$ cat upload06.cif   # mmCIF, C-alpha atoms
data_input
loop_
_atom_site.label_atom_id
_atom_site.label_comp_id
_atom_site.auth_asym_id
_atom_site.auth_seq_id
_atom_site.Cartn_x
_atom_site.Cartn_y
_atom_site.Cartn_z
CA MET A 576 84.75 11.56 39.16
CA PRO A 577 82.57 10.25 41.94
CA VAL A 578 79.38 10.13 39.81
CA ILE A 579 79.01 7.78 36.86
CA ASP A 580 75.95 8.16 34.64
CA TYR A 581 74.33 5.30 32.74
CA LYS A 582 71.90 6.27 29.95
CA LEU A 583 69.90 3.39 28.52
CA PHE A 584 68.02 3.96 25.26
CA LEU A 585 65.15 1.52 24.74
CA GLY A 586 63.40 2.16 21.46
CA SER A 587 62.77 5.75 20.46
CA GLY A 588 61.75 7.12 23.86
CA LYS A 589 63.69 9.23 26.29
CA PRO A 590 66.73 7.55 27.82
CA ILE A 591 66.47 6.02 31.27
CA VAL A 592 69.26 7.54 33.36
CA PHE A 593 70.90 6.16 36.49
CA SER A 594 73.55 8.14 38.33
CA VAL A 595 75.81 6.15 40.63
CA ASP A 596 77.76 8.08 43.25
CA THR A 597 80.82 5.88 43.81
CA GLU A 598 81.60 7.71 47.06
CA ARG A 599 78.19 7.28 48.69
CA LEU A 600 78.28 6.01 52.24
CA GLU A 601 74.60 5.13 52.54
CA THR A 602 71.85 3.88 50.30
CA ALA A 603 69.79 6.41 48.42
CA ALA A 604 67.05 8.19 50.32
CA SER A 605 63.59 6.91 49.53
CA ASP A 606 59.95 7.35 50.37
CA GLY A 607 60.13 4.72 53.10
CA PHE A 608 58.29 1.94 51.24
CA HIS A 609 60.37 -1.01 50.07
CA PRO A 610 59.34 -4.38 48.68
CA ALA A 611 59.64 -7.40 50.97
CA TRP A 612 62.68 -8.71 49.08
CA THR A 613 64.74 -5.75 50.33
CA GLN A 614 64.19 -6.59 54.01
CA LEU A 615 67.46 -7.69 55.61
CA GLU A 616 66.00 -10.93 57.01
CA HIS A 617 64.68 -12.00 53.56
CA HIS A 618 67.38 -14.46 52.43
CA GLN A 619 70.01 -12.65 54.51
CA CYS A 620 73.49 -13.67 53.44
CA PRO A 621 75.14 -16.09 55.88
CA ASN A 622 78.26 -13.89 55.85
CA CYS A 623 76.34 -10.66 56.52
CA PRO A 624 77.66 -8.90 59.64
CA LEU A 625 74.57 -6.68 59.96
CA ALA A 626 72.22 -7.33 62.86
CA ARG A 627 68.59 -8.05 62.08
CA THR A 628 66.38 -5.35 63.47
CA PRO A 629 62.71 -4.72 62.64
CA GLY A 630 62.37 -2.88 59.34
CA ARG A 631 66.08 -2.95 58.52
CA GLN A 632 66.88 -3.09 54.81
CA CYS A 633 69.66 -4.95 53.06
CA PRO A 634 71.86 -2.10 51.76
CA ALA A 635 72.69 -3.93 48.52
CA ALA A 636 69.04 -4.76 47.81
CA GLN A 637 67.98 -1.22 48.61
CA ASP A 638 70.62 0.17 46.23
CA ILE A 639 69.42 -1.96 43.31
CA GLU A 640 65.69 -1.75 44.10
CA HIS A 641 64.99 1.09 41.65
CA ILE A 642 66.98 -0.58 38.86
CA VAL A 643 65.19 -3.91 39.35
CA GLU A 644 61.76 -2.27 39.39
CA THR A 645 62.52 -0.10 36.36
CA PHE A 646 63.52 -3.04 34.17
CA SER A 647 61.39 -5.85 35.62
CA HIS A 648 59.13 -5.74 32.55
CA VAL A 649 61.96 -5.73 29.97
CA ASP A 650 63.14 -8.97 28.34
CA SER A 651 66.77 -9.81 29.08
CA HIS A 652 67.45 -10.19 25.34
CA ALA A 653 65.91 -6.81 24.40
CA GLN A 654 68.35 -4.61 22.52
CA VAL A 655 69.49 -1.39 24.18
CA LYS A 656 71.98 1.36 23.46
CA VAL A 657 73.97 2.35 26.53
CA ASP A 658 76.07 5.46 27.09
CA VAL A 659 78.18 5.53 30.23
CA GLN A 660 79.57 8.92 31.21
CA ILE A 661 82.65 8.80 33.44
CA GLY A 662 84.10 12.27 33.87
CA ASP A 663 84.83 13.60 30.39
CA ARG A 664 84.84 10.12 28.85
CA THR A 665 81.84 8.35 27.31
CA HIS A 666 81.63 4.61 26.72
CA SER A 667 78.89 3.47 24.33
CA LYS A 668 77.64 0.03 23.45
CA GLU A 669 74.69 -1.50 21.66
CA THR A 670 73.93 -4.74 23.44
CA ASP A 671 71.20 -6.73 25.10
CA MET A 672 69.59 -5.74 28.38
CA GLN A 673 71.32 -8.43 30.45
CA ILE A 674 74.79 -7.15 29.50
CA ALA A 675 73.76 -3.54 30.14
CA LEU A 676 72.30 -4.40 33.54
CA GLN A 677 75.26 -6.59 34.46
CA SER A 678 77.50 -3.54 34.09
CA LEU A 679 75.16 -1.11 35.88
CA LEU A 680 74.33 -3.52 38.70
CA GLY A 681 78.00 -4.45 39.09
CA LEU A 682 78.96 -0.81 39.62
CA THR A 683 76.02 -0.13 41.93
CA LEU A 684 76.69 -3.18 44.09
CA ALA A 685 80.48 -2.69 44.24
CA THR A 686 79.97 0.82 45.58
CA SER A 687 77.05 0.01 47.87
CA ALA A 688 76.90 0.24 51.65
CA CYS A 689 76.92 -3.57 51.92
CA PRO A 690 79.83 -4.38 54.26
CA VAL A 691 80.90 -7.33 52.08
CA LEU A 692 80.47 -5.80 48.62
CA SER A 693 82.00 -2.49 49.67
CA GLN A 694 85.38 -4.26 49.59
CA MET A 695 85.04 -3.71 45.80
CA LYS A 696 84.64 0.06 46.18
CA GLY A 697 88.20 0.82 45.01
CA PRO A 698 87.81 -0.87 41.63
CA GLY A 699 84.29 0.56 41.42
CA ARG A 700 85.74 4.07 41.49
CA LEU A 701 87.73 3.15 38.38
CA HIS A 702 84.75 1.48 36.70
CA MET A 703 85.24 -0.02 33.26
CA PRO A 704 81.82 -0.59 31.67
CA PHE A 705 81.28 -3.88 29.84
CA ALA A 706 84.69 -5.24 30.93
CA THR A 707 85.63 -8.76 29.91
CA VAL A 708 86.62 -11.37 32.49
CA GLU A 709 90.26 -10.92 31.48
CA GLU A 710 90.12 -7.13 31.88
CA THR A 711 88.46 -7.46 35.28
CA LEU A 712 91.00 -10.06 36.41
CA PHE A 713 93.90 -7.84 35.35
CA ARG A 714 92.46 -4.78 37.12
CA MET A 715 91.59 -6.64 40.32
CA VAL A 716 94.88 -8.53 40.65
CA GLY A 717 96.87 -5.43 39.71
CA ALA A 718 95.04 -3.30 42.28
CA TYR A 719 95.44 -6.05 44.88
CA PHE A 720 99.21 -6.35 44.37
CA LEU A 721 99.60 -2.57 44.40
CA GLY A 722 97.70 -2.44 47.70
CA GLN A 723 99.87 -5.19 49.15
CA TYR A 724 103.02 -3.36 48.04
CA PHE A 725 101.90 -0.21 49.88
CA LYS A 726 100.89 -2.27 52.90
CA GLY A 727 104.47 -3.60 53.04
CA GLN A 728 105.91 -0.11 52.59
CA GLN A 729 103.89 1.06 55.61
CA GLY A 730 105.24 -1.72 57.83
CA GLY A 731 102.42 -4.22 57.36
CA THR A 732 102.75 -7.80 56.19
CA PRO A 733 101.84 -7.99 52.51
CA ASP A 734 100.05 -11.02 51.03
CA PHE A 735 101.45 -11.81 47.61
CA THR A 736 99.80 -15.25 47.55
CA LEU A 737 96.37 -13.79 46.63
CA ASP A 738 94.81 -15.56 49.63
CA SER A 739 93.00 -12.42 50.84
CA LEU A 740 91.73 -11.65 47.35
CA SER A 741 90.49 -15.22 46.97
CA ARG A 742 88.65 -15.00 50.31
CA MET A 743 87.10 -11.69 49.33
CA TYR A 744 85.83 -13.11 46.03
CA SER A 745 84.41 -16.10 47.88
CA GLU A 746 82.48 -13.75 50.19
CA VAL A 747 81.27 -11.69 47.23
CA GLN A 748 80.07 -14.88 45.49
CA THR A 749 78.02 -15.75 48.56
CA VAL A 750 76.38 -12.32 48.52
CA ASN A 751 75.65 -12.65 44.79
CA ARG A 752 73.98 -16.04 45.36
CA TYR A 753 71.76 -14.65 48.10
CA LEU A 754 70.87 -11.55 46.07
CA LYS A 755 69.56 -13.91 43.38
CA LEU A 756 67.47 -15.69 46.03
CA ARG A 757 66.06 -12.32 47.11
CA LEU A 758 64.88 -11.58 43.61
#

$ encode --input "upload06.cif" --output "structure tokens"
Amino acid sequence: MPVIDYKLFLGSGKPIVFSVDTERLETAASDGFHPAWTQLEHHQCPNCPLARTPGRQCPAAQDIEHIVETFSHVDSHAQVKVDVQIGDRTHSKETDMQIALQSLLGLTLATSACPVLSQMKGPGRLHMPFATVEETLFRMVGAYFLGQYFKGQQGGTPDFTLDSLSRMYSEVQTVNRYLKLRL
């Protein structure tokens, strides 16, 4: 199930559809024009390992560019019906735009080519739309401990103190802060 489809129904018009390939290795191909806020040097994250080169785009910003532009005119409190198709399963919710976009942007960013956010690619593959904080915490800690168990089974030194997970979340928080500055 590498592709997850989000259908957002605003009013009585046709749904707006976004397909997120959770296995993509690069950002989506585009026409070559990108707004200034997607340039890597525009509020580049201090923990970004990518080198600044002329014209280089921030992979996370480039991945969310189309979503941001599509909904830039919509109020965050506008009501929307959302259907999320994951394989043969559909999740539906009537909610406000900010909750819908939080879920779509979260999936898109977790599976992006950003070297920091891509650490979330594993959980992104098992996306749970509209998850609560408790559900996300359970999934992330469970996946982390499972990974550490297998690391130990393969001769590595597992970390059952959650230190690595805590560091990863700290790095992700930094990226999230700088993405807000970009916008």

$ axis_aligned_box --input "upload06.cif" --around "range 660-668 of chain A" --padding-each-side "5 Å" --output "lines of an AutoDock Vina configuration file"
center_x = 81.2
center_y = 6.8
center_z = 28.7
size_x = 17.2
size_y = 23.6
size_z = 20.4

$ closest_residue --input "upload06.cif" --among "A:Phe705, A:Leu682, A:Val716, A:Arg757" --to "Glu640 in chain A" --atoms "all atoms listed in the file"
A:Arg757

$ residues_near_point --input "upload06.cif" --point "(87.2, 0.5, 32.5)" --cutoff "12 Å" --atoms "only C-alpha atoms" --output "mmCIF file with C-alpha atoms, in the frame of the given file"
data_model
loop_
_atom_site.group_PDB
_atom_site.id
_atom_site.type_symbol
_atom_site.label_atom_id
_atom_site.label_comp_id
_atom_site.auth_asym_id
_atom_site.auth_seq_id
_atom_site.Cartn_x
_atom_site.Cartn_y
_atom_site.Cartn_z
ATOM 1 C CA ILE A 579 79.010 7.780 36.860
ATOM 2 C CA VAL A 659 78.180 5.530 30.230
ATOM 3 C CA GLN A 660 79.570 8.920 31.210
ATOM 4 C CA ILE A 661 82.650 8.800 33.440
ATOM 5 C CA ARG A 664 84.840 10.120 28.850
ATOM 6 C CA THR A 665 81.840 8.350 27.310
ATOM 7 C CA HIS A 666 81.630 4.610 26.720
ATOM 8 C CA SER A 678 77.500 -3.540 34.090
ATOM 9 C CA LEU A 682 78.960 -0.810 39.620
ATOM 10 C CA PRO A 698 87.810 -0.870 41.630
ATOM 11 C CA GLY A 699 84.290 0.560 41.420
ATOM 12 C CA ARG A 700 85.740 4.070 41.490
ATOM 13 C CA LEU A 701 87.730 3.150 38.380
ATOM 14 C CA HIS A 702 84.750 1.480 36.700
ATOM 15 C CA MET A 703 85.240 -0.020 33.260
ATOM 16 C CA PRO A 704 81.820 -0.590 31.670
ATOM 17 C CA PHE A 705 81.280 -3.880 29.840
ATOM 18 C CA ALA A 706 84.690 -5.240 30.930
ATOM 19 C CA THR A 707 85.630 -8.760 29.910
ATOM 20 C CA VAL A 708 86.620 -11.370 32.490
ATOM 21 C CA GLU A 709 90.260 -10.920 31.480
ATOM 22 C CA GLU A 710 90.120 -7.130 31.880
ATOM 23 C CA THR A 711 88.460 -7.460 35.280
ATOM 24 C CA LEU A 712 91.000 -10.060 36.410
ATOM 25 C CA PHE A 713 93.900 -7.840 35.350
ATOM 26 C CA ARG A 714 92.460 -4.780 37.120
ATOM 27 C CA MET A 715 91.590 -6.640 40.320
#

$ resolve_selection --input "upload06.cif" --expression "the PyMOL selection byres ((chain A and resi 747) around 12)" --output "ChimeraX atom specification"
/A:620-623,635,681,684-685,689-695,740-746,748-754

$ closest_residue --input "upload06.cif" --among "A:Leu615, A:Val655, A:Ala636, A:Leu625" --to "Ile591 in chain A" --atoms "only C-alpha atoms"
A:Val655

$ atom_distance --input "upload06.cif" --atom1 "CA of Ser667 in chain A" --atom2 "CA of Gly717 in chain A"
25.3 Å

$ closest_residue --input "upload06.cif" --among "A:Gly697, A:Ala653, A:Asp638, A:Thr645" --to "Gly586 in chain A" --atoms "all atoms listed in the file"
A:Ala653

$ atom_distance --input "upload06.cif" --atom1 "CA of Ser587 in chain A" --atom2 "CA of Lys656 in chain A"
10.6 Å

$ atom_distance --input "upload06.cif" --atom1 "CA of His648 in chain A" --atom2 "CA of Leu583 in chain A"
14.7 Å

$ resolve_selection --input "upload06.cif" --expression "the PyMOL selection byres ((chain A and resi 669) around 10)" --output "list in words"
Leu583, Phe584, Gln654, Val655, Lys656, Val657, Asp658, Ser667, Lys668, Thr670, Asp671, Met672, Ile674 and Ala675 of chain A
